[in-house]
Amino acid sequence: MGTILIDKLLLTVVNRNASDLHIAVGQPPVLRLHGRLVKLETKTLEPEDTVALMKSITPERCQQELQEQGSADFGFAFGDRARFRVSVFKQRGYTGMVLRQIPNDLLSMEQLGTPPALKELLHRPRGLVLVTGPTGSGKSTTLAACIDYLNQTVDHHIITIEDPIEFYHYHKKSTVNQREVGVDVPSFAEAIRRALRQDPDVILVGEMRDLETIEAAITAAETGHIVFGTLHTTGAQGTVNRIIDVFPTNQQDQIRTQLSTSIIAILSQALLPKISGGRIAAYEMLVVTPAIANLIRENKTFRINSAIQTGHKLGMQLLDDHLFKLWRDGIVDEKEALIKANMAEELAAKIAQAKRGILESEEDAN
């Protein structure tokens, strides 16, 4: 029963364009549609159902990891319809699963609406580009678009280090080698060190989780490579602080200096439901200028936000300003914009002021 069911469920996910499928004991399977959770009208899952579903798609090594560690992650292809990133785990002694759909079609940077400044930065010969945001904010999709753009336009050697591999890239103008942590290489940090001996132009680091990985990524960016990395932080200012805070106090000055010379951009993003259905990304873009590099080096990161505001000619923008624009243009709801804002109170005041302005101008017109 497990195999029939999983195929049916995955087909439902693909056909309804859900982003995730949740499998848990005590309720029917649940889809995440445009950010909302929706229960499927099928039977409530018993413990043996979730185990059968898990076994029908989980590789042996991951089943073993589930038993030993209590959870495991892997990626798998659902025919040629879609790929899924799967997390299987134990909860209250039962087996649970969450499957995230990874679309087969790569979206372009234009389709995603990424800030135009990002595309220009990709042609730099070296440097660290960070894409940040909470889980499920579309970081992988943005990075896949960046890699695909380079793959189509320049003859580079691109190495991706992922856990698990999400989007498949095929050799176009570039050569792309994708390495999966736990399958092709033991850890992110080790993979970066090895990648440096593999003549890369571009290295994508799926997650910069720990000190060792962050250190290796910064070193790679300093030595003449474009390095893409992701962090679960919101906002450019918070991202810089987070990286520095990972290091022991006695190393922080040195890391500030290294970061200030290696980092070239931080793109921070959030995904919001659109009023018309579907979802849209809001972006914060920091382009590291010599002045901003100085702020990082001198530990004045609290001034980064105002530097972004004054740098809009260079293509910079604050997340909250983009959220305001999406609200003003009638694309997203005020409530949704405020949930995703870095400074919700300030954005609320700005929206209230804009509403008053609209009312006043309507009164003047009468």
# chains A, B, ... in the order shown; residues from 1 in each chain; ligands from 1

$ residues_around --residues "segment 235-242 of chain A" --least-positions-apart "2" --cutoff "6 Å" --atoms "only C-alpha atoms" --output "compact mmCIF listing (two decimals) with all heavy atoms, in the first residue's frame"
# COMPACT_ATOMS: atom_id res chain seq x y z
N THR A 233 19.70 33.88 8.13
CA THR A 233 19.59 35.15 8.85
C THR A 233 18.66 36.07 8.07
O THR A 233 18.44 35.86 6.88
CB THR A 233 20.96 35.82 8.97
OG1 THR A 233 21.60 35.77 7.69
CG2 THR A 233 21.85 35.13 9.97
N ILE A 244 30.35 37.02 12.18
CA ILE A 244 31.43 37.40 13.09
C ILE A 244 31.24 36.75 14.46
O ILE A 244 32.20 36.27 15.08
CB ILE A 244 31.54 38.94 13.17
CG1 ILE A 244 32.02 39.48 11.82
CG2 ILE A 244 32.50 39.38 14.28
CD1 ILE A 244 31.73 40.92 11.55
N ASP A 245 29.98 36.66 14.91
CA ASP A 245 29.69 36.08 16.23
C ASP A 245 30.01 34.59 16.33
O ASP A 245 30.15 34.06 17.43
CB ASP A 245 28.21 36.29 16.61
CG ASP A 245 27.94 37.75 16.96
OD1 ASP A 245 28.91 38.48 17.20
OD2 ASP A 245 26.75 38.14 16.99
N ILE A 266 25.23 40.89 -0.23
CA ILE A 266 24.31 40.06 0.56
C ILE A 266 22.90 40.32 0.03
O ILE A 266 22.45 41.46 -0.05
CB ILE A 266 24.35 40.41 2.06
CG1 ILE A 266 25.76 40.18 2.64
CG2 ILE A 266 23.32 39.57 2.84
CD1 ILE A 266 25.92 40.59 4.10
N SER A 268 19.10 39.35 0.88
CA SER A 268 18.27 38.76 1.94
C SER A 268 16.86 38.70 1.40
O SER A 268 16.40 39.66 0.77
CB SER A 268 18.34 39.69 3.16
OG SER A 268 18.12 38.94 4.31
N ILE A 304 25.00 49.84 8.72
CA ILE A 304 24.81 49.24 7.38
C ILE A 304 23.45 49.60 6.79
O ILE A 304 23.35 49.95 5.61
CB ILE A 304 25.04 47.71 7.42
CG1 ILE A 304 26.54 47.42 7.56
CG2 ILE A 304 24.48 47.03 6.16
CD1 ILE A 304 26.91 45.95 7.65

$ residues_around --residues "Leu99 of chain A" --least-positions-apart "3" --cutoff "7 Å" --atoms "only C-alpha atoms" --output "list of chain:residue names"
A:Asp20, A:Leu21, A:His22, A:Phe84, A:Arg85, A:Val86, A:Ser87

$ atom_distance --atom1 "atom CA of Glu65 of chain A" --atom2 "atom CA of Gly182 of chain A"
11.0 Å

$ residues_around --residues "Val14 of chain A" --least-positions-apart "4" --cutoff "8 Å" --atoms "only C-alpha atoms" --output "number ranges by chain"
A: 10, 18, 81-82, 101

$ residues_around --residues "Val25 of chain A" --least-positions-apart "5" --cutoff "12 Å" --atoms "only C-alpha atoms" --output "list in words"
Val30, Lys43, Thr44, Leu45, Glu46, Pro47, Glu48, Asp49, Thr50, Val51, Ala52, Leu53, Phe89, Lys90, Gln91, Arg92, Gly93, Tyr94, Thr95, Gly96 and Met97 of chain A

$ write_last_selection --atoms "N, CA and C atoms" --output "tab-separated table (two decimals), in the first residue's frame"
chain	number	residue	atom	x	y	z
A	30	VAL	N	-0.75	16.25	4.71
A	30	VAL	CA	-1.03	17.69	4.67
A	30	VAL	C	-0.15	18.35	3.61
A	43	LYS	N	-7.61	9.07	4.45
A	43	LYS	CA	-7.66	8.48	5.78
A	43	LYS	C	-6.59	9.06	6.71
A	44	THR	N	-6.85	8.99	8.00
A	44	THR	CA	-5.87	9.38	9.00
A	44	THR	C	-4.74	8.36	9.00
A	45	LEU	N	-3.50	8.82	9.05
A	45	LEU	CA	-2.35	7.91	8.96
A	45	LEU	C	-2.07	7.23	10.30
A	46	GLU	N	-1.92	5.90	10.21
A	46	GLU	CA	-1.54	5.09	11.39
A	46	GLU	C	-0.01	4.97	11.39
A	47	PRO	N	0.57	4.55	12.55
A	47	PRO	CA	2.04	4.40	12.60
A	47	PRO	C	2.60	3.54	11.46
A	48	GLU	N	1.89	2.42	11.14
A	48	GLU	CA	2.43	1.54	10.08
A	48	GLU	C	2.36	2.21	8.69
A	49	ASP	N	1.40	3.13	8.49
A	49	ASP	CA	1.31	3.85	7.21
A	49	ASP	C	2.53	4.73	7.00
A	50	THR	N	2.90	5.48	8.06
A	50	THR	CA	4.02	6.42	7.88
A	50	THR	C	5.33	5.65	7.68
A	51	VAL	N	5.46	4.49	8.36
A	51	VAL	CA	6.67	3.67	8.18
A	51	VAL	C	6.72	3.14	6.75
A	52	ALA	N	5.58	2.66	6.24
A	52	ALA	CA	5.54	2.12	4.87
A	52	ALA	C	5.87	3.22	3.85
A	53	LEU	N	5.30	4.42	4.07
A	53	LEU	CA	5.58	5.54	3.16
A	53	LEU	C	7.07	5.90	3.20
A	89	PHE	N	12.06	11.82	10.11
A	89	PHE	CA	12.44	12.02	11.51
A	89	PHE	C	11.53	11.22	12.44
A	90	LYS	N	12.00	11.10	13.66
A	90	LYS	CA	11.19	10.45	14.70
A	90	LYS	C	10.53	11.54	15.54
A	91	GLN	N	9.26	11.34	15.88
A	91	GLN	CA	8.62	12.23	16.84
A	91	GLN	C	7.68	11.39	17.71
A	92	ARG	N	7.83	11.50	19.01
A	92	ARG	CA	7.10	10.66	19.97
A	92	ARG	C	7.25	9.18	19.63
A	93	GLY	N	8.40	8.84	19.07
A	93	GLY	CA	8.65	7.44	18.72
A	93	GLY	C	8.08	7.01	17.39
A	94	TYR	N	7.28	7.86	16.76
A	94	TYR	CA	6.72	7.53	15.44
A	94	TYR	C	7.59	8.13	14.34
A	95	THR	N	7.34	7.66	13.12
A	95	THR	CA	8.08	8.18	11.96
A	95	THR	C	7.28	9.31	11.31
A	96	GLY	N	7.93	10.42	11.04
A	96	GLY	CA	7.30	11.53	10.32
A	96	GLY	C	8.17	11.92	9.12
A	97	MET	N	7.58	12.62	8.18
A	97	MET	CA	8.33	13.05	6.99
A	97	MET	C	7.83	14.40	6.50

$ residues_around --residues "segment 207-219 of chain A" --least-positions-apart "2" --cutoff "10 Å" --atoms "only C-alpha atoms" --output "number ranges by chain"
A: 127-128, 130, 161-163, 187-193, 196, 203-205, 221-232, 243-248, 255, 258-259, 261-263

$ select_by_dssp --residues "segment 8-90 of chain A" --states "alpha helix (DSSP H)" --output "list in words"
Lys8, Leu9, Leu10, Leu11, Thr12, Val13, Val14, Asn15, Pro47, Glu48, Asp49, Thr50, Val51, Ala52, Leu53, Met54, Lys55, Ser56, Ile57, Glu60, Arg61, Cys62, Gln63, Gln64, Glu65, Leu66, Gln67, Glu68 and Gln69 of chain A

$ closest_residue --among "A:Pro200, A:Gly206, A:Gly138, A:Gly315" --to "Val176 of chain A" --atoms "only C-alpha atoms"
A:Pro200

$ closest_residue --among "A:His157, A:Ile331, A:Pro115, A:Asn294" --to "Leu318 of chain A" --atoms "only C-alpha atoms"
A:Pro115

$ residues_around --residues "Phe167 of chain A" --least-positions-apart "6" --cutoff "9 Å" --atoms "only C-alpha atoms" --output "JSON, numbers by chain"
{"A": [83, 102, 103, 104, 105, 106, 140, 141, 144]}

$ write_last_selection --atoms "N, CA, C and O atoms" --output "compact mmCIF listing (two decimals), in the first residue's frame"
# COMPACT_ATOMS: atom_id res chain seq x y z
N ARG A 83 11.62 16.98 -8.42
CA ARG A 83 12.53 16.39 -7.43
C ARG A 83 12.02 16.80 -6.06
O ARG A 83 11.33 17.81 -5.92
N ILE A 102 10.97 20.38 -5.31
CA ILE A 102 11.94 21.22 -6.02
C ILE A 102 11.55 21.17 -7.49
O ILE A 102 11.67 20.12 -8.13
N PRO A 103 11.05 22.27 -8.04
CA PRO A 103 10.57 22.23 -9.42
C PRO A 103 11.70 21.84 -10.38
O PRO A 103 12.86 22.16 -10.15
N ASN A 104 11.33 21.11 -11.45
CA ASN A 104 12.33 20.73 -12.45
C ASN A 104 12.76 21.93 -13.28
O ASN A 104 13.88 21.99 -13.77
N ASP A 105 11.85 22.87 -13.47
CA ASP A 105 12.18 24.02 -14.32
C ASP A 105 12.86 25.09 -13.48
O ASP A 105 12.30 25.57 -12.51
N LEU A 106 14.08 25.42 -13.90
CA LEU A 106 14.79 26.49 -13.20
C LEU A 106 14.18 27.81 -13.60
O LEU A 106 13.96 28.07 -14.77
N SER A 140 17.34 28.58 -2.16
CA SER A 140 17.85 27.58 -3.12
C SER A 140 17.45 27.95 -4.53
O SER A 140 18.22 27.78 -5.48
N THR A 141 16.22 28.44 -4.69
CA THR A 141 15.71 28.80 -6.02
C THR A 141 16.51 29.97 -6.59
O THR A 141 16.88 29.98 -7.77
N ALA A 144 19.99 28.72 -7.52
CA ALA A 144 19.93 27.91 -8.74
C ALA A 144 19.84 28.81 -9.97
O ALA A 144 20.46 28.54 -11.00

$ decode --residues "segment 44-80 of chain A" --atoms "N, CA, C and O atoms" --output "PDB file, in the first residue's frame"
ATOM      1  N   THR A  44      -6.850   8.988   7.995  1.00  0.00           N
ATOM      2  CA  THR A  44      -5.871   9.381   9.004  1.00  0.00           C
ATOM      3  C   THR A  44      -4.740   8.356   9.000  1.00  0.00           C
ATOM      4  O   THR A  44      -4.997   7.143   8.942  1.00  0.00           O
ATOM      5  N   LEU A  45      -3.499   8.824   9.048  1.00  0.00           N
ATOM      6  CA  LEU A  45      -2.348   7.913   8.963  1.00  0.00           C
ATOM      7  C   LEU A  45      -2.072   7.228  10.300  1.00  0.00           C
ATOM      8  O   LEU A  45      -2.008   7.868  11.342  1.00  0.00           O
ATOM      9  N   GLU A  46      -1.917   5.897  10.214  1.00  0.00           N
ATOM     10  CA  GLU A  46      -1.544   5.092  11.392  1.00  0.00           C
ATOM     11  C   GLU A  46      -0.013   4.966  11.394  1.00  0.00           C
ATOM     12  O   GLU A  46       0.621   5.187  10.365  1.00  0.00           O
ATOM     13  N   PRO A  47       0.573   4.552  12.550  1.00  0.00           N
ATOM     14  CA  PRO A  47       2.039   4.399  12.601  1.00  0.00           C
ATOM     15  C   PRO A  47       2.601   3.542  11.458  1.00  0.00           C
ATOM     16  O   PRO A  47       3.617   3.883  10.855  1.00  0.00           O
ATOM     17  N   GLU A  48       1.892   2.417  11.140  1.00  0.00           N
ATOM     18  CA  GLU A  48       2.435   1.545  10.077  1.00  0.00           C
ATOM     19  C   GLU A  48       2.363   2.210   8.691  1.00  0.00           C
ATOM     20  O   GLU A  48       3.163   1.913   7.807  1.00  0.00           O
ATOM     21  N   ASP A  49       1.403   3.129   8.491  1.00  0.00           N
ATOM     22  CA  ASP A  49       1.308   3.847   7.209  1.00  0.00           C
ATOM     23  C   ASP A  49       2.533   4.730   7.000  1.00  0.00           C
ATOM     24  O   ASP A  49       3.128   4.746   5.924  1.00  0.00           O
ATOM     25  N   THR A  50       2.903   5.484   8.057  1.00  0.00           N
ATOM     26  CA  THR A  50       4.022   6.418   7.880  1.00  0.00           C
ATOM     27  C   THR A  50       5.330   5.649   7.680  1.00  0.00           C
ATOM     28  O   THR A  50       6.183   6.058   6.910  1.00  0.00           O
ATOM     29  N   VAL A  51       5.463   4.492   8.363  1.00  0.00           N
ATOM     30  CA  VAL A  51       6.671   3.671   8.184  1.00  0.00           C
ATOM     31  C   VAL A  51       6.723   3.139   6.751  1.00  0.00           C
ATOM     32  O   VAL A  51       7.768   3.184   6.090  1.00  0.00           O
ATOM     33  N   ALA A  52       5.578   2.659   6.239  1.00  0.00           N
ATOM     34  CA  ALA A  52       5.537   2.122   4.870  1.00  0.00           C
ATOM     35  C   ALA A  52       5.867   3.222   3.851  1.00  0.00           C
ATOM     36  O   ALA A  52       6.627   2.994   2.903  1.00  0.00           O
ATOM     37  N   LEU A  53       5.304   4.420   4.074  1.00  0.00           N
ATOM     38  CA  LEU A  53       5.584   5.535   3.164  1.00  0.00           C
ATOM     39  C   LEU A  53       7.065   5.896   3.204  1.00  0.00           C
ATOM     40  O   LEU A  53       7.699   6.108   2.179  1.00  0.00           O
ATOM     41  N   MET A  54       7.609   5.938   4.415  1.00  0.00           N
ATOM     42  CA  MET A  54       9.034   6.276   4.568  1.00  0.00           C
ATOM     43  C   MET A  54       9.902   5.251   3.838  1.00  0.00           C
ATOM     44  O   MET A  54      10.787   5.599   3.055  1.00  0.00           O
ATOM     45  N   LYS A  55       9.613   3.951   4.062  1.00  0.00           N
ATOM     46  CA  LYS A  55      10.443   2.895   3.469  1.00  0.00           C
ATOM     47  C   LYS A  55      10.348   2.886   1.948  1.00  0.00           C
ATOM     48  O   LYS A  55      11.283   2.488   1.257  1.00  0.00           O
ATOM     49  N   SER A  56       9.203   3.327   1.414  1.00  0.00           N
ATOM     50  CA  SER A  56       9.024   3.256  -0.038  1.00  0.00           C
ATOM     51  C   SER A  56       9.929   4.241  -0.794  1.00  0.00           C
ATOM     52  O   SER A  56      10.163   4.079  -1.977  1.00  0.00           O
ATOM     53  N   ILE A  57      10.454   5.259  -0.111  1.00  0.00           N
ATOM     54  CA  ILE A  57      11.299   6.222  -0.837  1.00  0.00           C
ATOM     55  C   ILE A  57      12.679   6.457  -0.206  1.00  0.00           C
ATOM     56  O   ILE A  57      13.547   7.048  -0.838  1.00  0.00           O
ATOM     57  N   THR A  58      12.883   5.973   1.029  1.00  0.00           N
ATOM     58  CA  THR A  58      14.130   6.311   1.737  1.00  0.00           C
ATOM     59  C   THR A  58      15.242   5.311   1.445  1.00  0.00           C
ATOM     60  O   THR A  58      15.060   4.108   1.649  1.00  0.00           O
ATOM     61  N   PRO A  59      16.410   5.793   0.976  1.00  0.00           N
ATOM     62  CA  PRO A  59      17.533   4.880   0.724  1.00  0.00           C
ATOM     63  C   PRO A  59      17.974   4.185   2.012  1.00  0.00           C
ATOM     64  O   PRO A  59      17.790   4.734   3.106  1.00  0.00           O
ATOM     65  N   GLU A  60      18.573   2.990   1.859  1.00  0.00           N
ATOM     66  CA  GLU A  60      19.007   2.186   3.009  1.00  0.00           C
ATOM     67  C   GLU A  60      19.843   2.999   4.001  1.00  0.00           C
ATOM     68  O   GLU A  60      19.598   2.986   5.195  1.00  0.00           O
ATOM     69  N   ARG A  61      20.853   3.745   3.466  1.00  0.00           N
ATOM     70  CA  ARG A  61      21.777   4.449   4.372  1.00  0.00           C
ATOM     71  C   ARG A  61      21.029   5.475   5.219  1.00  0.00           C
ATOM     72  O   ARG A  61      21.373   5.717   6.370  1.00  0.00           O
ATOM     73  N   CYS A  62      19.955   6.070   4.637  1.00  0.00           N
ATOM     74  CA  CYS A  62      19.185   7.071   5.385  1.00  0.00           C
ATOM     75  C   CYS A  62      18.272   6.410   6.404  1.00  0.00           C
ATOM     76  O   CYS A  62      18.022   6.963   7.474  1.00  0.00           O
ATOM     77  N   GLN A  63      17.781   5.189   6.067  1.00  0.00           N
ATOM     78  CA  GLN A  63      16.958   4.461   7.044  1.00  0.00           C
ATOM     79  C   GLN A  63      17.794   4.118   8.268  1.00  0.00           C
ATOM     80  O   GLN A  63      17.328   4.209   9.404  1.00  0.00           O
ATOM     81  N   GLN A  64      19.058   3.777   8.008  1.00  0.00           N
ATOM     82  CA  GLN A  64      19.979   3.457   9.099  1.00  0.00           C
ATOM     83  C   GLN A  64      20.246   4.713   9.941  1.00  0.00           C
ATOM     84  O   GLN A  64      20.225   4.677  11.166  1.00  0.00           O
ATOM     85  N   GLU A  65      20.462   5.823   9.240  1.00  0.00           N
ATOM     86  CA  GLU A  65      20.726   7.100   9.922  1.00  0.00           C
ATOM     87  C   GLU A  65      19.517   7.493  10.776  1.00  0.00           C
ATOM     88  O   GLU A  65      19.658   7.988  11.891  1.00  0.00           O
ATOM     89  N   LEU A  66      18.312   7.244  10.250  1.00  0.00           N
ATOM     90  CA  LEU A  66      17.080   7.552  10.988  1.00  0.00           C
ATOM     91  C   LEU A  66      17.055   6.767  12.308  1.00  0.00           C
ATOM     92  O   LEU A  66      16.722   7.308  13.362  1.00  0.00           O
ATOM     93  N   GLN A  67      17.426   5.476  12.228  1.00  0.00           N
ATOM     94  CA  GLN A  67      17.439   4.648  13.437  1.00  0.00           C
ATOM     95  C   GLN A  67      18.480   5.142  14.439  1.00  0.00           C
ATOM     96  O   GLN A  67      18.230   5.211  15.630  1.00  0.00           O
ATOM     97  N   GLU A  68      19.676   5.506  13.910  1.00  0.00           N
ATOM     98  CA  GLU A  68      20.780   5.871  14.808  1.00  0.00           C
ATOM     99  C   GLU A  68      20.672   7.310  15.318  1.00  0.00           C
ATOM    100  O   GLU A  68      20.921   7.590  16.469  1.00  0.00           O
ATOM    101  N   GLN A  69      20.315   8.235  14.415  1.00  0.00           N
ATOM    102  CA  GLN A  69      20.366   9.667  14.763  1.00  0.00           C
ATOM    103  C   GLN A  69      18.980  10.275  15.042  1.00  0.00           C
ATOM    104  O   GLN A  69      18.884  11.392  15.536  1.00  0.00           O
ATOM    105  N   GLY A  70      17.924   9.561  14.625  1.00  0.00           N
ATOM    106  CA  GLY A  70      16.581  10.109  14.828  1.00  0.00           C
ATOM    107  C   GLY A  70      16.077  10.949  13.677  1.00  0.00           C
ATOM    108  O   GLY A  70      14.926  11.384  13.673  1.00  0.00           O
ATOM    109  N   SER A  71      16.943  11.202  12.667  1.00  0.00           N
ATOM    110  CA  SER A  71      16.473  11.912  11.466  1.00  0.00           C
ATOM    111  C   SER A  71      17.473  11.722  10.331  1.00  0.00           C
ATOM    112  O   SER A  71      18.633  11.352  10.563  1.00  0.00           O
ATOM    113  N   ALA A  72      17.020  11.979   9.113  1.00  0.00           N
ATOM    114  CA  ALA A  72      17.901  11.890   7.943  1.00  0.00           C
ATOM    115  C   ALA A  72      17.308  12.740   6.825  1.00  0.00           C
ATOM    116  O   ALA A  72      16.086  12.941   6.766  1.00  0.00           O
ATOM    117  N   ASP A  73      18.182  13.244   5.969  1.00  0.00           N
ATOM    118  CA  ASP A  73      17.749  14.061   4.821  1.00  0.00           C
ATOM    119  C   ASP A  73      18.290  13.468   3.536  1.00  0.00           C
ATOM    120  O   ASP A  73      19.414  12.972   3.515  1.00  0.00           O
ATOM    121  N   PHE A  74      17.492  13.546   2.488  1.00  0.00           N
ATOM    122  CA  PHE A  74      17.987  13.086   1.183  1.00  0.00           C
ATOM    123  C   PHE A  74      17.150  13.737   0.082  1.00  0.00           C
ATOM    124  O   PHE A  74      16.113  14.354   0.357  1.00  0.00           O
ATOM    125  N   GLY A  75      17.619  13.609  -1.148  1.00  0.00           N
ATOM    126  CA  GLY A  75      16.855  14.128  -2.286  1.00  0.00           C
ATOM    127  C   GLY A  75      16.498  12.961  -3.188  1.00  0.00           C
ATOM    128  O   GLY A  75      17.223  11.969  -3.232  1.00  0.00           O
ATOM    129  N   PHE A  76      15.364  13.020  -3.880  1.00  0.00           N
ATOM    130  CA  PHE A  76      15.077  11.967  -4.858  1.00  0.00           C
ATOM    131  C   PHE A  76      14.212  12.528  -5.983  1.00  0.00           C
ATOM    132  O   PHE A  76      13.554  13.553  -5.824  1.00  0.00           O
ATOM    133  N   ALA A  77      14.276  11.839  -7.127  1.00  0.00           N
ATOM    134  CA  ALA A  77      13.524  12.305  -8.296  1.00  0.00           C
ATOM    135  C   ALA A  77      12.225  11.525  -8.394  1.00  0.00           C
ATOM    136  O   ALA A  77      12.215  10.305  -8.222  1.00  0.00           O
ATOM    137  N   PHE A  78      11.132  12.243  -8.667  1.00  0.00           N
ATOM    138  CA  PHE A  78       9.832  11.606  -8.890  1.00  0.00           C
ATOM    139  C   PHE A  78       9.655  11.527 -10.399  1.00  0.00           C
ATOM    140  O   PHE A  78       9.073  12.411 -11.019  1.00  0.00           O
ATOM    141  N   GLY A  79      10.215  10.477 -10.990  1.00  0.00           N
ATOM    142  CA  GLY A  79      10.235  10.364 -12.453  1.00  0.00           C
ATOM    143  C   GLY A  79      10.852  11.625 -13.031  1.00  0.00           C
ATOM    144  O   GLY A  79      11.833  12.139 -12.502  1.00  0.00           O
ATOM    145  N   ASP A  80      10.243  12.155 -14.094  1.00  0.00           N
ATOM    146  CA  ASP A  80      10.755  13.424 -14.621  1.00  0.00           C
ATOM    147  C   ASP A  80       9.804  14.562 -14.256  1.00  0.00           C
ATOM    148  O   ASP A  80       9.865  15.644 -14.809  1.00  0.00           O
TER     149      ASP A  80
END
